[in-house]
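Enquirer: The structure file model16.cif (mmCIF, C-alpha atoms) is provided below.
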```
data_structure
#
loop_
_atom_site.label_atom_id
_atom_site.label_comp_id
_atom_site.auth_asym_id
_atom_site.auth_seq_id
_atom_site.Cartn_x
_atom_site.Cartn_y
_atom_site.Cartn_z
CA MET A 1413 -5.82 -27.72 -12.49
CA ASP A 1414 -8.13 -24.90 -11.43
CA ASN A 1415 -6.46 -21.58 -10.68
CA PRO A 1416 -6.55 -21.04 -6.89
CA PHE A 1417 -6.79 -17.28 -7.44
CA ASP A 1418 -10.17 -17.80 -9.12
CA VAL A 1419 -11.73 -19.19 -5.93
CA GLU A 1420 -14.15 -16.90 -4.07
CA ILE A 1421 -13.72 -17.34 -0.31
CA ASP A 1422 -16.56 -16.51 2.06
CA ARG A 1423 -15.08 -14.18 4.69
CA ALA A 1424 -18.24 -14.00 6.79
CA GLY A 1425 -17.63 -14.23 10.52
CA THR A 1426 -13.89 -13.51 10.31
CA ASN A 1427 -14.14 -9.82 11.26
CA SER A 1428 -12.57 -8.95 7.92
CA ILE A 1429 -12.11 -5.18 7.71
CA LYS A 1430 -12.52 -5.46 3.95
CA TRP A 1431 -15.64 -7.61 3.76
CA GLU A 1432 -17.52 -6.89 6.99
CA TYR A 1433 -16.86 -3.22 7.69
CA VAL A 1434 -17.33 0.16 6.02
CA GLN A 1435 -15.40 3.31 6.83
CA ARG A 1436 -17.63 6.10 8.12
CA GLU A 1437 -15.76 9.33 8.80
CA GLY A 1438 -12.54 7.40 9.27
CA ASP A 1439 -13.89 4.79 11.70
CA PRO A 1440 -14.79 1.21 10.72
CA HIS A 1441 -18.38 0.15 11.27
CA HIS A 1442 -20.10 -3.16 10.54
CA TRP A 1443 -22.00 -3.33 7.29
CA ASP A 1444 -25.71 -3.86 7.43
CA HIS A 1445 -26.34 -7.61 7.36
CA SER A 1446 -27.42 -7.61 3.71
CA ASP A 1447 -24.21 -5.91 2.66
CA ARG A 1448 -21.79 -8.50 3.96
CA CYS A 1449 -19.78 -11.03 2.01
CA PHE A 1450 -22.10 -13.11 -0.15
CA GLY A 1451 -25.58 -13.00 -1.64
CA ASP A 1452 -27.19 -11.33 -4.63
CA ASP A 1453 -27.20 -7.90 -3.01
CA ARG A 1454 -23.71 -7.98 -1.53
CA VAL A 1455 -21.52 -4.92 -1.71
CA LEU A 1456 -18.25 -5.68 -3.49
CA PRO A 1457 -15.47 -4.20 -1.30
CA MET A 1458 -12.51 -3.11 -3.41
CA TRP A 1459 -11.07 -0.47 -1.12
CA VAL A 1460 -8.62 -1.51 1.62
CA ALA A 1461 -5.34 -2.97 0.37
CA ASP A 1462 -5.60 -6.62 1.23
CA MET A 1463 -6.17 -9.46 -1.19
CA ASP A 1464 -8.99 -11.97 -1.52
CA PHE A 1465 -6.48 -14.79 -2.02
CA ARG A 1466 -5.21 -17.41 0.38
CA CYS A 1467 -1.59 -16.88 1.34
CA PRO A 1468 1.08 -19.30 0.05
CA GLU A 1469 0.50 -22.86 1.21
CA PRO A 1470 3.87 -23.10 3.02
CA VAL A 1471 2.82 -20.14 5.18
CA GLY A 1472 -0.44 -21.81 6.15
CA GLN A 1473 1.35 -25.06 6.90
CA ALA A 1474 3.94 -23.30 9.06
CA LEU A 1475 1.21 -21.49 11.02
CA ILE A 1476 -0.74 -24.73 11.57
CA ALA A 1477 2.40 -26.46 12.82
CA ARG A 1478 3.08 -23.55 15.19
CA ALA A 1479 -0.52 -23.57 16.43
CA GLN A 1480 -0.35 -27.30 17.14
CA GLU A 1481 2.49 -26.69 19.57
CA GLY A 1482 -0.14 -25.16 21.82
CA ILE A 1483 2.20 -22.77 23.62
CA PHE A 1484 2.23 -19.13 22.55
CA GLY A 1485 4.55 -17.39 24.93
CA TYR A 1486 6.76 -14.37 24.35
CA THR A 1487 8.56 -14.80 21.05
CA ALA A 1488 11.72 -13.19 19.71
CA PRO A 1489 12.86 -13.53 16.11
CA GLY A 1490 15.85 -15.79 15.68
CA GLU A 1491 18.69 -15.84 13.17
CA GLU A 1492 16.52 -17.64 10.62
CA PHE A 1493 14.00 -14.79 10.68
CA TYR A 1494 16.58 -12.13 9.89
CA ALA A 1495 18.29 -14.36 7.34
CA ALA A 1496 14.98 -14.74 5.49
CA VAL A 1497 14.60 -10.96 5.18
CA VAL A 1498 18.23 -10.48 4.11
CA HIS A 1499 18.03 -13.23 1.50
CA TRP A 1500 14.75 -11.93 0.08
CA MET A 1501 16.08 -8.42 -0.38
CA ARG A 1502 19.26 -9.72 -2.02
CA LYS A 1503 17.54 -12.20 -4.35
CA ARG A 1504 14.47 -10.18 -5.25
CA HIS A 1505 15.91 -6.67 -5.41
CA GLY A 1506 19.70 -6.95 -5.42
CA TRP A 1507 19.88 -5.02 -2.15
CA GLU A 1508 22.44 -6.13 0.42
CA ILE A 1509 21.32 -5.41 3.95
CA SER A 1510 22.62 -6.41 7.36
CA PRO A 1511 20.43 -8.19 9.91
CA ASP A 1512 21.49 -5.51 12.40
CA TRP A 1513 19.71 -2.85 10.33
CA ILE A 1514 16.25 -4.38 10.85
CA CYS A 1515 13.79 -3.02 13.41
CA ILE A 1516 10.48 -4.84 13.84
CA THR A 1517 7.17 -3.00 14.24
CA PRO A 1518 3.52 -4.12 14.17
CA GLY A 1519 3.03 -2.40 10.82
CA VAL A 1520 4.29 0.28 8.49
CA VAL A 1521 1.60 2.75 9.54
CA SER A 1522 2.55 2.43 13.20
CA ALA A 1523 6.19 2.81 12.15
CA LEU A 1524 5.41 6.01 10.23
CA ASN A 1525 3.82 7.49 13.33
CA MET A 1526 6.83 6.59 15.46
CA LEU A 1527 9.28 7.84 12.82
CA VAL A 1528 7.62 11.26 12.71
CA ARG A 1529 7.70 11.38 16.50
CA THR A 1530 11.36 10.32 16.58
CA PHE A 1531 12.82 12.58 13.91
CA THR A 1532 10.74 15.75 14.13
CA SER A 1533 9.88 18.23 16.85
CA PRO A 1534 6.52 19.98 17.26
CA GLY A 1535 6.19 22.56 14.50
CA ASP A 1536 8.62 20.86 12.13
CA LYS A 1537 7.43 20.01 8.63
CA VAL A 1538 7.21 16.76 6.66
CA LEU A 1539 7.04 16.71 2.86
CA ILE A 1540 4.77 14.33 0.94
CA GLN A 1541 3.74 13.98 -2.73
CA PRO A 1542 -0.05 13.80 -3.09
CA PRO A 1543 -2.33 12.28 -4.10
CA VAL A 1544 -0.81 9.84 -1.64
CA TYR A 1545 -1.66 7.14 0.90
CA TYR A 1546 -3.87 8.92 3.40
CA PRO A 1547 -2.26 7.61 6.65
CA PHE A 1548 0.75 9.76 5.73
CA TYR A 1549 -1.30 12.83 6.61
CA THR A 1550 -2.44 11.51 9.99
CA ALA A 1551 1.01 10.18 10.91
CA ILE A 1552 2.37 13.69 10.42
CA GLU A 1553 -0.40 15.75 11.98
CA ARG A 1554 -1.12 13.53 14.99
CA ASN A 1555 2.51 13.72 16.02
CA GLY A 1556 2.86 17.49 16.08
CA ALA A 1557 4.35 18.13 12.63
CA GLN A 1558 2.99 20.04 9.64
CA VAL A 1559 2.29 18.64 6.18
CA VAL A 1560 4.13 20.17 3.23
CA ARG A 1561 2.64 19.11 -0.08
CA SER A 1562 4.55 18.77 -3.33
CA PRO A 1563 1.84 17.38 -5.63
CA LEU A 1564 2.69 14.98 -8.42
CA LEU A 1565 2.08 16.19 -11.96
CA TYR A 1566 -0.53 14.31 -13.99
CA GLU A 1567 0.17 14.59 -17.70
CA GLY A 1568 -0.83 12.34 -20.59
CA GLY A 1569 -2.38 9.76 -18.29
CA ARG A 1570 0.80 9.35 -16.21
CA TYR A 1571 2.15 10.88 -13.03
CA ARG A 1572 5.61 12.25 -12.42
CA MET A 1573 7.41 14.15 -9.67
CA ASP A 1574 7.40 17.94 -9.89
CA PHE A 1575 11.08 18.50 -9.18
CA GLU A 1576 10.88 22.28 -9.49
CA ASP A 1577 8.17 22.44 -6.85
CA LEU A 1578 9.97 19.85 -4.75
CA ALA A 1579 13.23 21.82 -4.84
CA ARG A 1580 11.49 25.02 -3.82
CA LYS A 1581 9.58 23.53 -0.90
CA ILE A 1582 12.30 21.33 0.48
CA ARG A 1583 14.53 24.38 1.02
CA ASP A 1584 12.33 25.41 3.93
CA PRO A 1585 14.59 24.81 6.97
CA LYS A 1586 11.58 23.55 8.91
CA VAL A 1587 11.24 20.56 6.55
CA LYS A 1588 13.03 17.80 8.42
CA LEU A 1589 11.54 14.70 6.85
CA ALA A 1590 10.24 13.56 3.45
CA ILE A 1591 8.05 10.49 3.08
CA LEU A 1592 8.57 8.78 -0.26
CA CYS A 1593 5.90 6.34 -1.47
CA SER A 1594 7.73 3.82 -3.65
CA PRO A 1595 5.97 2.23 -5.52
CA HIS A 1596 3.45 5.00 -5.24
CA ASN A 1597 0.05 4.39 -3.69
CA PRO A 1598 -2.45 5.20 -5.21
CA VAL A 1599 -1.13 6.25 -8.65
CA GLY A 1600 0.91 3.08 -9.20
CA ARG A 1601 4.19 4.64 -10.34
CA VAL A 1602 7.35 2.59 -9.95
CA TRP A 1603 9.96 5.32 -9.74
CA THR A 1604 13.00 5.00 -12.00
CA PRO A 1605 16.54 5.12 -10.57
CA ASP A 1606 16.99 8.59 -12.13
CA GLU A 1607 13.84 9.90 -10.43
CA LEU A 1608 14.91 8.44 -7.11
CA ARG A 1609 18.39 9.93 -7.45
CA ARG A 1610 17.03 13.42 -8.10
CA PHE A 1611 14.70 13.07 -5.12
CA GLY A 1612 17.52 11.80 -2.90
CA GLU A 1613 19.96 14.50 -3.97
CA LEU A 1614 17.48 17.24 -3.10
CA CYS A 1615 16.93 15.70 0.32
CA LEU A 1616 20.66 15.36 0.98
CA GLU A 1617 21.39 18.93 -0.11
CA ASN A 1618 18.79 20.23 2.32
CA GLU A 1619 19.53 17.82 5.20
CA VAL A 1620 16.11 16.19 4.98
CA LEU A 1621 15.74 12.61 6.19
CA VAL A 1622 14.00 10.26 3.74
CA VAL A 1623 11.44 7.74 4.94
CA SER A 1624 10.79 5.41 2.00
CA ASP A 1625 7.57 3.39 2.24
CA GLU A 1626 8.40 0.38 0.04
CA ILE A 1627 5.67 -2.00 1.21
CA HIS A 1628 4.47 -2.59 -2.39
CA GLY A 1629 7.99 -3.13 -3.74
CA ASP A 1630 7.45 -6.80 -4.59
CA LEU A 1631 4.29 -6.08 -6.61
CA VAL A 1632 5.62 -4.77 -9.90
CA TYR A 1633 4.30 -5.48 -13.40
CA LYS A 1634 6.24 -6.62 -16.46
CA ASP A 1635 8.62 -4.12 -18.05
CA HIS A 1636 9.09 -2.29 -14.74
CA VAL A 1637 11.75 -2.81 -12.07
CA PHE A 1638 11.55 -1.71 -8.45
CA THR A 1639 14.66 -0.07 -7.00
CA PRO A 1640 15.08 0.16 -3.21
CA PHE A 1641 15.94 3.78 -2.45
CA ALA A 1642 18.79 2.89 -0.09
CA SER A 1643 20.44 0.64 -2.70
CA LEU A 1644 21.27 3.53 -5.05
CA ARG A 1645 24.06 5.25 -3.11
CA GLY A 1646 25.81 4.87 0.19
CA ASP A 1647 25.02 8.41 1.26
CA PHE A 1648 21.33 7.81 0.49
CA ALA A 1649 21.44 4.70 2.71
CA GLN A 1650 22.88 6.75 5.57
CA ASP A 1651 20.11 9.36 5.23
CA CYS A 1652 17.06 7.14 5.00
CA VAL A 1653 14.69 4.74 6.68
CA VAL A 1654 13.10 2.02 4.54
CA CYS A 1655 9.72 0.59 5.54
CA THR A 1656 8.87 -2.85 4.21
CA ALA A 1657 6.87 -5.94 5.08
CA PRO A 1658 5.56 -9.19 3.60
CA SER A 1659 2.00 -8.07 4.28
CA LYS A 1660 1.02 -6.75 0.83
CA THR A 1661 3.16 -9.27 -1.04
CA PHE A 1662 1.71 -12.38 0.58
CA ASN A 1663 -1.59 -11.13 2.08
CA LEU A 1664 -0.31 -11.19 5.67
CA ALA A 1665 -1.46 -7.82 6.99
CA GLY A 1666 -3.15 -9.45 9.98
CA MET A 1667 0.18 -10.92 11.10
CA GLN A 1668 1.29 -7.43 12.23
CA THR A 1669 4.98 -7.88 11.39
CA SER A 1670 6.90 -5.22 9.47
CA CYS A 1671 10.61 -4.64 8.96
CA ILE A 1672 12.00 -1.12 9.20
CA VAL A 1673 15.47 -1.10 7.68
CA ILE A 1674 17.82 1.63 8.94
CA PRO A 1675 21.49 1.41 7.84
CA ASN A 1676 22.58 4.45 9.90
CA ASP A 1677 23.54 3.37 13.43
CA ASP A 1678 22.55 6.64 15.10
CA LEU A 1679 19.17 6.85 13.37
CA ARG A 1680 18.46 3.21 14.14
CA GLY A 1681 19.33 3.66 17.80
CA ARG A 1682 17.01 6.62 18.13
CA PHE A 1683 14.17 4.75 16.47
CA ARG A 1684 14.67 1.67 18.64
CA THR A 1685 14.39 3.90 21.70
CA THR A 1686 10.99 5.07 20.45
CA ILE A 1687 9.86 1.50 19.79
CA GLU A 1688 10.86 0.47 23.30
CA SER A 1689 9.25 3.52 24.86
CA ASN A 1690 5.97 2.37 23.30
CA GLY A 1691 6.35 -1.13 24.72
CA LEU A 1692 6.70 -2.73 21.30
CA GLY A 1693 9.79 -4.81 21.84
CA LEU A 1694 8.47 -8.22 20.77
CA PRO A 1695 6.61 -9.34 17.64
CA SER A 1696 3.70 -11.77 17.38
CA ALA A 1697 4.59 -15.45 17.58
CA PHE A 1698 2.58 -16.12 14.43
CA GLY A 1699 3.98 -13.07 12.65
CA VAL A 1700 7.51 -14.39 13.02
CA VAL A 1701 6.53 -17.76 11.57
CA ALA A 1702 4.53 -16.27 8.71
CA LEU A 1703 7.24 -13.84 7.60
CA GLN A 1704 9.93 -16.47 7.58
CA ALA A 1705 7.83 -19.02 5.67
CA ALA A 1706 6.71 -16.43 3.12
CA TYR A 1707 10.19 -15.13 2.33
CA ASP A 1708 11.75 -18.60 2.34
CA HIS A 1709 9.09 -20.46 0.36
CA GLY A 1710 6.67 -17.95 -1.20
CA GLU A 1711 8.43 -16.77 -4.35
CA GLU A 1712 6.78 -19.25 -6.73
CA TRP A 1713 3.36 -18.24 -5.38
CA LEU A 1714 4.25 -14.57 -5.89
CA GLU A 1715 5.14 -15.16 -9.54
CA ARG A 1716 1.75 -16.81 -10.13
CA LEU A 1717 0.05 -13.95 -8.31
CA LEU A 1718 1.75 -11.35 -10.49
CA ASP A 1719 0.60 -13.18 -13.63
CA TYR A 1720 -2.95 -13.24 -12.31
CA LEU A 1721 -2.90 -9.55 -11.40
CA GLN A 1722 -1.56 -8.74 -14.86
CA GLY A 1723 -4.56 -10.59 -16.30
CA ASN A 1724 -6.98 -8.73 -14.04
CA LEU A 1725 -5.44 -5.43 -15.08
CA LYS A 1726 -5.74 -6.27 -18.76
CA TYR A 1727 -9.37 -7.33 -18.28
CA LEU A 1728 -10.21 -4.10 -16.45
CA GLU A 1729 -8.53 -1.89 -19.04
CA THR A 1730 -10.26 -3.65 -21.95
CA TYR A 1731 -13.67 -3.68 -20.27
CA LEU A 1732 -13.67 0.00 -19.31
CA ALA A 1733 -12.37 1.09 -22.71
CA GLU A 1734 -15.17 -0.81 -24.45
CA HIS A 1735 -18.08 -0.32 -22.06
CA VAL A 1736 -17.37 2.67 -19.77
CA PRO A 1737 -15.07 4.96 -21.78
CA GLN A 1738 -15.87 7.90 -19.48
CA ILE A 1739 -13.65 6.26 -16.85
CA ASP A 1740 -9.94 6.41 -17.70
CA VAL A 1741 -7.47 3.94 -16.22
CA VAL A 1742 -4.19 5.35 -14.93
CA ARG A 1743 -2.15 2.29 -15.78
CA PRO A 1744 -0.26 1.08 -12.69
CA GLU A 1745 3.36 0.02 -12.98
CA GLY A 1746 3.17 -1.61 -9.56
CA THR A 1747 0.74 -2.45 -6.71
CA TYR A 1748 -2.64 -4.15 -7.12
CA LEU A 1749 -4.41 -0.81 -6.73
CA VAL A 1750 -5.74 0.90 -9.85
CA TRP A 1751 -6.30 4.67 -9.96
CA LEU A 1752 -9.40 5.47 -12.00
CA ASP A 1753 -9.96 8.93 -13.46
CA CYS A 1754 -13.73 9.42 -13.27
CA ARG A 1755 -13.79 13.17 -13.85
CA ARG A 1756 -15.44 12.89 -17.26
CA LEU A 1757 -18.56 11.63 -15.48
CA GLY A 1758 -19.04 15.23 -14.33
CA LEU A 1759 -19.84 14.35 -10.70
CA ASP A 1760 -18.72 15.97 -7.48
CA ASN A 1761 -17.24 13.83 -4.70
CA ASP A 1762 -20.52 13.06 -2.96
CA ALA A 1763 -22.27 12.19 -6.21
CA LEU A 1764 -19.41 9.95 -7.34
CA LYS A 1765 -19.37 8.16 -3.99
CA HIS A 1766 -23.15 7.67 -4.21
CA LEU A 1767 -22.87 6.29 -7.74
CA MET A 1768 -20.29 3.71 -6.72
CA LEU A 1769 -21.49 2.60 -3.31
CA GLU A 1770 -25.25 3.09 -3.42
CA VAL A 1771 -26.05 2.57 -7.10
CA ALA A 1772 -23.36 0.16 -8.31
CA ARG A 1773 -22.84 -1.32 -4.82
CA VAL A 1774 -19.09 -1.33 -5.42
CA TYR A 1775 -16.93 0.03 -2.62
CA PRO A 1776 -13.62 1.54 -3.84
CA ASP A 1777 -11.59 4.13 -1.96
CA ASP A 1778 -12.70 7.69 -2.73
CA GLY A 1779 -9.91 9.58 -4.44
CA ALA A 1780 -10.46 12.70 -2.35
CA ILE A 1781 -9.14 11.00 0.80
CA PHE A 1782 -5.69 10.91 -0.84
CA GLY A 1783 -5.72 14.72 -1.05
CA PRO A 1784 -7.54 17.35 -3.12
CA GLU A 1785 -5.56 16.15 -6.14
CA GLY A 1786 -7.57 12.92 -5.95
CA GLU A 1787 -10.97 14.52 -6.34
CA GLY A 1788 -12.85 12.84 -9.18
CA PHE A 1789 -10.74 9.68 -8.92
CA GLU A 1790 -11.36 6.29 -7.33
CA ARG A 1791 -8.85 3.67 -6.14
CA LEU A 1792 -9.89 0.11 -7.03
CA ASN A 1793 -8.29 -3.02 -5.55
CA ILE A 1794 -8.01 -5.69 -8.26
CA ALA A 1795 -6.43 -8.38 -6.04
CA CYS A 1796 -9.59 -10.47 -6.20
CA PRO A 1797 -10.96 -13.43 -8.18
CA ARG A 1798 -11.76 -12.39 -11.73
CA SER A 1799 -15.43 -13.23 -11.15
CA ILE A 1800 -15.62 -10.48 -8.53
CA LEU A 1801 -13.82 -8.01 -10.80
CA GLN A 1802 -16.17 -8.89 -13.67
CA GLU A 1803 -19.23 -8.40 -11.46
CA ALA A 1804 -17.92 -5.07 -10.15
CA LEU A 1805 -17.23 -3.72 -13.62
CA GLU A 1806 -20.62 -4.80 -14.90
CA ARG A 1807 -22.29 -3.04 -11.97
CA MET A 1808 -20.27 0.09 -12.71
CA ARG A 1809 -21.33 -0.09 -16.38
CA LEU A 1810 -24.99 -0.33 -15.44
CA ALA A 1811 -24.66 2.56 -12.97
CA VAL A 1812 -22.96 4.82 -15.53
CA THR A 1813 -25.49 3.83 -18.23
CA ALA A 1814 -28.33 4.83 -15.90
CA LEU A 1815 -26.51 8.10 -15.11
CA ASN A 1816 -26.11 8.87 -18.81
CA ALA A 1817 -29.75 8.11 -19.47
CA LYS A 1818 -30.82 10.39 -16.66
CA SER A 1819 -28.59 13.19 -17.97
CA SER A 1820 -30.04 12.82 -21.46
CA ALA A 1821 -33.67 12.82 -20.32
#
```
Can you give me the file's structure in the form of C-alpha cells?

Expert:
Amino acid sequence: MDNPFDVEIDRAGTNSIKWEYVQREGDPHHWDHSDRCFGDDRVLPMWVADMDFRCPEPVGQALIARAQEGIFGYTAPGEEFYAAVVHWMRKRHGWEISPDWICITPGVVSALNMLVRTFTSPGDKVLIQPPVYYPFYTAIERNGAQVVRSPLLYEGGRYRMDFEDLARKIRDPKVKLAILCSPHNPVGRVWTPDELRRFGELCLENEVLVVSDEIHGDLVYKDHVFTPFASLRGDFAQDCVVCTAPSKTFNLAGMQTSCIVIPNDDLRGRFRTTIESNGLGLPSAFGVVALQAAYDHGEEWLERLLDYLQGNLKYLETYLAEHVPQIDVVRPEGTYLVWLDCRRLGLDNDALKHLMLEVARVYPDDGAIFGPEGEGFERLNIACPRSILQEALERMRLAVTALNAKSSA
C-alpha cells in the first residue's frame, strides 16, 4: 500500500498560512499568484510549524460526523474530553494528571501571553534561553515585562544549557518567570531529566515560576525520551505551568484547542480568572471533537509519522553531507524542525535570506528571528512528503553551487 505521508496535497484556496502566505515584517501577506502551492515555479514553504500530512483518519471521521449534525452551538468539553487528555499523558509519558488541572485556551501562544500578564507585573523580568521560539519574545514584551536572555551553548554540533549563566541571571529578584522550551524549538534538544532537575532547582531556589512549553513533547526520535517537567518532582509540579496541545502531534493547529496543565490550585485559579476576563471560556465545537479523537485513536498514526520523519531526517542529513557540506545539520532529538548551520556559506542575514527564498525558492524560517544567536542559521520544517524535501534540497544545492561559482570567478 502506498505511504499516505508521500502524498502531496494541493492546499490552494484553503487560506493556508504555510502555503498561501509569506511573512513580511511579522505580518502575513498573500504570495504572488505564481508562488502559491503548485506549479514549476512554486515556492516550497518549510517555515511555519504545521505538517503537510492529513490528520489521523479517526479525527477526520469524527469531524465529519460532527459537521453532519448541522448544529454548532456553544460547546463545553465533557468528561470524555478530559479523560482523553489524562489517558494520553499517562500512557505516552507516564505523567499522572488530574482533569481538574486542565485549562483550555485557543492556543499555546495565546496562553503564553495570558500567563505573562497573570504572573508578572509591569517591569518584571522573564527568562528565556535563545535561540528560541520567537513568540516568546513578543509574549513577554507586549505584556509589560522585560526579556532576560540566558543563551544556550553550542558546542560540537549540539546545544546545552549554560547553567552558570542561568544561575547568575535568575538571581535577579525582578525575574519572576522562566519559559522553558521542552523539547526545544528550534534547536531540537530533548532535555534529559538531569538537565530539567538543575533548571527546576534554580527556579525553586529563586522563587521563579516555570512555564514549560511542551507542545512538541510527542515528537521525539529514537533513542530519546521526553520527560514532562512537572512529572519529575512534586515541588516542581507546584511551581509550574505546562503548555501542551495535540496541534503539532496530529496537525490540528487550526482547531485552536490547547491544554494548559496547572497542578497548583492557586496558580490555576489566577490563570482561569485571566482566561475569563478575556472572554475565552468556551472552546471550539470542532476543537473538542478533534482533540478527543486524536488522543483516543491517533497513536498508531503517530508511530507511523515518527518513522516517516526519521526517514526524512536521515535523507536530509545524507544529502547535505554529500552535496552541500557547507551547511551543517544540528541533529534534532525531537520536533520536525531542523536547525541548519549555514555560517560556512559566509553570508550575512539578508544575503542568506535572498539565497534561500529568491534563488532557491525555498522558504525556511530565518534563524535571526529566534534571537541574535540564530544569525547564520535556518529552521527547516521536514514534516512534508519526501518529494517536496528532495526538491527543496536539490534547489538549495543548485543555489549554493551557483554561489560558489560566483565566489570563485

Enquirer: Report, in Å with one decimal, the straight-line distance from atom CA of A:Leu1631 to atom CA of A:Val1434.

Expert: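 Atom CA of A:Leu1631 sits 25.8 Å away from atom CA of A:Val1434.
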
Enquirer: Excluding A:Val1623 and any residue of its chain fewer than 2 positions from it, enumerate the residues within 6 Å of it, using all atoms listed in the file, and give them as number ranges by chain.

Expert: A: 1591, 1652-1654

Enquirer: Using only C-alpha atoms, please write the residues we just selected to a file, as a CSV table (one decimal), keeping the file's coordinate frame.

Expert:
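The resulting file, selection.csv, is reproduced below:
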```csv
chain,number,residue,atom,x,y,z
A,1591,ILE,CA,8.0,10.5,3.1
A,1652,CYS,CA,17.1,7.1,5.0
A,1653,VAL,CA,14.7,4.7,6.7
A,1654,VAL,CA,13.1,2.0,4.5
```

Enquirer: Would you mind listing what lies within 12 Å of A:Ala1665 as a ChimeraX atom specification, with only C-alpha atoms counted and same-chain residues fewer than 6 positions away left out?

Expert: /A:1428-1430,1460-1463,1467,1518-1521,1627,1656-1659,1698-1699,1702-1703

Enquirer: Take the residues from that selection and write them out as a PDB file, in the frame of the given file, keeping C-alpha atoms.

Expert:
```
ATOM      1  CA  SER A1428     -12.570  -8.950   7.920  1.00  0.00           C
ATOM      2  CA  ILE A1429     -12.110  -5.180   7.710  1.00  0.00           C
ATOM      3  CA  LYS A1430     -12.520  -5.460   3.950  1.00  0.00           C
ATOM      4  CA  VAL A1460      -8.620  -1.510   1.620  1.00  0.00           C
ATOM      5  CA  ALA A1461      -5.340  -2.970   0.370  1.00  0.00           C
ATOM      6  CA  ASP A1462      -5.600  -6.620   1.230  1.00  0.00           C
ATOM      7  CA  MET A1463      -6.170  -9.460  -1.190  1.00  0.00           C
ATOM      8  CA  CYS A1467      -1.590 -16.880   1.340  1.00  0.00           C
ATOM      9  CA  PRO A1518       3.520  -4.120  14.170  1.00  0.00           C
ATOM     10  CA  GLY A1519       3.030  -2.400  10.820  1.00  0.00           C
ATOM     11  CA  VAL A1520       4.290   0.280   8.490  1.00  0.00           C
ATOM     12  CA  VAL A1521       1.600   2.750   9.540  1.00  0.00           C
ATOM     13  CA  ILE A1627       5.670  -2.000   1.210  1.00  0.00           C
ATOM     14  CA  THR A1656       8.870  -2.850   4.210  1.00  0.00           C
ATOM     15  CA  ALA A1657       6.870  -5.940   5.080  1.00  0.00           C
ATOM     16  CA  PRO A1658       5.560  -9.190   3.600  1.00  0.00           C
ATOM     17  CA  SER A1659       2.000  -8.070   4.280  1.00  0.00           C
ATOM     18  CA  PHE A1698       2.580 -16.120  14.430  1.00  0.00           C
ATOM     19  CA  GLY A1699       3.980 -13.070  12.650  1.00  0.00           C
ATOM     20  CA  ALA A1702       4.530 -16.270   8.710  1.00  0.00           C
ATOM     21  CA  LEU A1703       7.240 -13.840   7.600  1.00  0.00           C
TER      22      LEU A1703
END
```

Enquirer: Would you pick out the contacts of A:Phe1493 at 8 Å or less, using all atoms listed in the file, so that residues sharing its chain but fewer than 3 positions from it are not included, and give the list as a PDB file with C-alpha atoms, in the frame of the given file?

Expert:
```pdb
ATOM      1  CA  PRO A1489      12.860 -13.530  16.110  1.00  0.00           C
ATOM      2  CA  GLY A1490      15.850 -15.790  15.680  1.00  0.00           C
ATOM      3  CA  ALA A1496      14.980 -14.740   5.490  1.00  0.00           C
ATOM      4  CA  VAL A1497      14.600 -10.960   5.180  1.00  0.00           C
ATOM      5  CA  VAL A1700       7.510 -14.390  13.020  1.00  0.00           C
ATOM      6  CA  LEU A1703       7.240 -13.840   7.600  1.00  0.00           C
ATOM      7  CA  GLN A1704       9.930 -16.470   7.580  1.00  0.00           C
TER       8      GLN A1704
END
```

Enquirer: Excluding A:Glu1553 and any residue of its chain fewer than 2 positions from it, enumerate the residues within 12 Å of it, using all atoms listed in the file, and give them as a VMD selection string.

Expert: chain A and resid 1524 to 1525 1528 to 1529 1532 to 1539 1546 to 1551 1555 to 1560
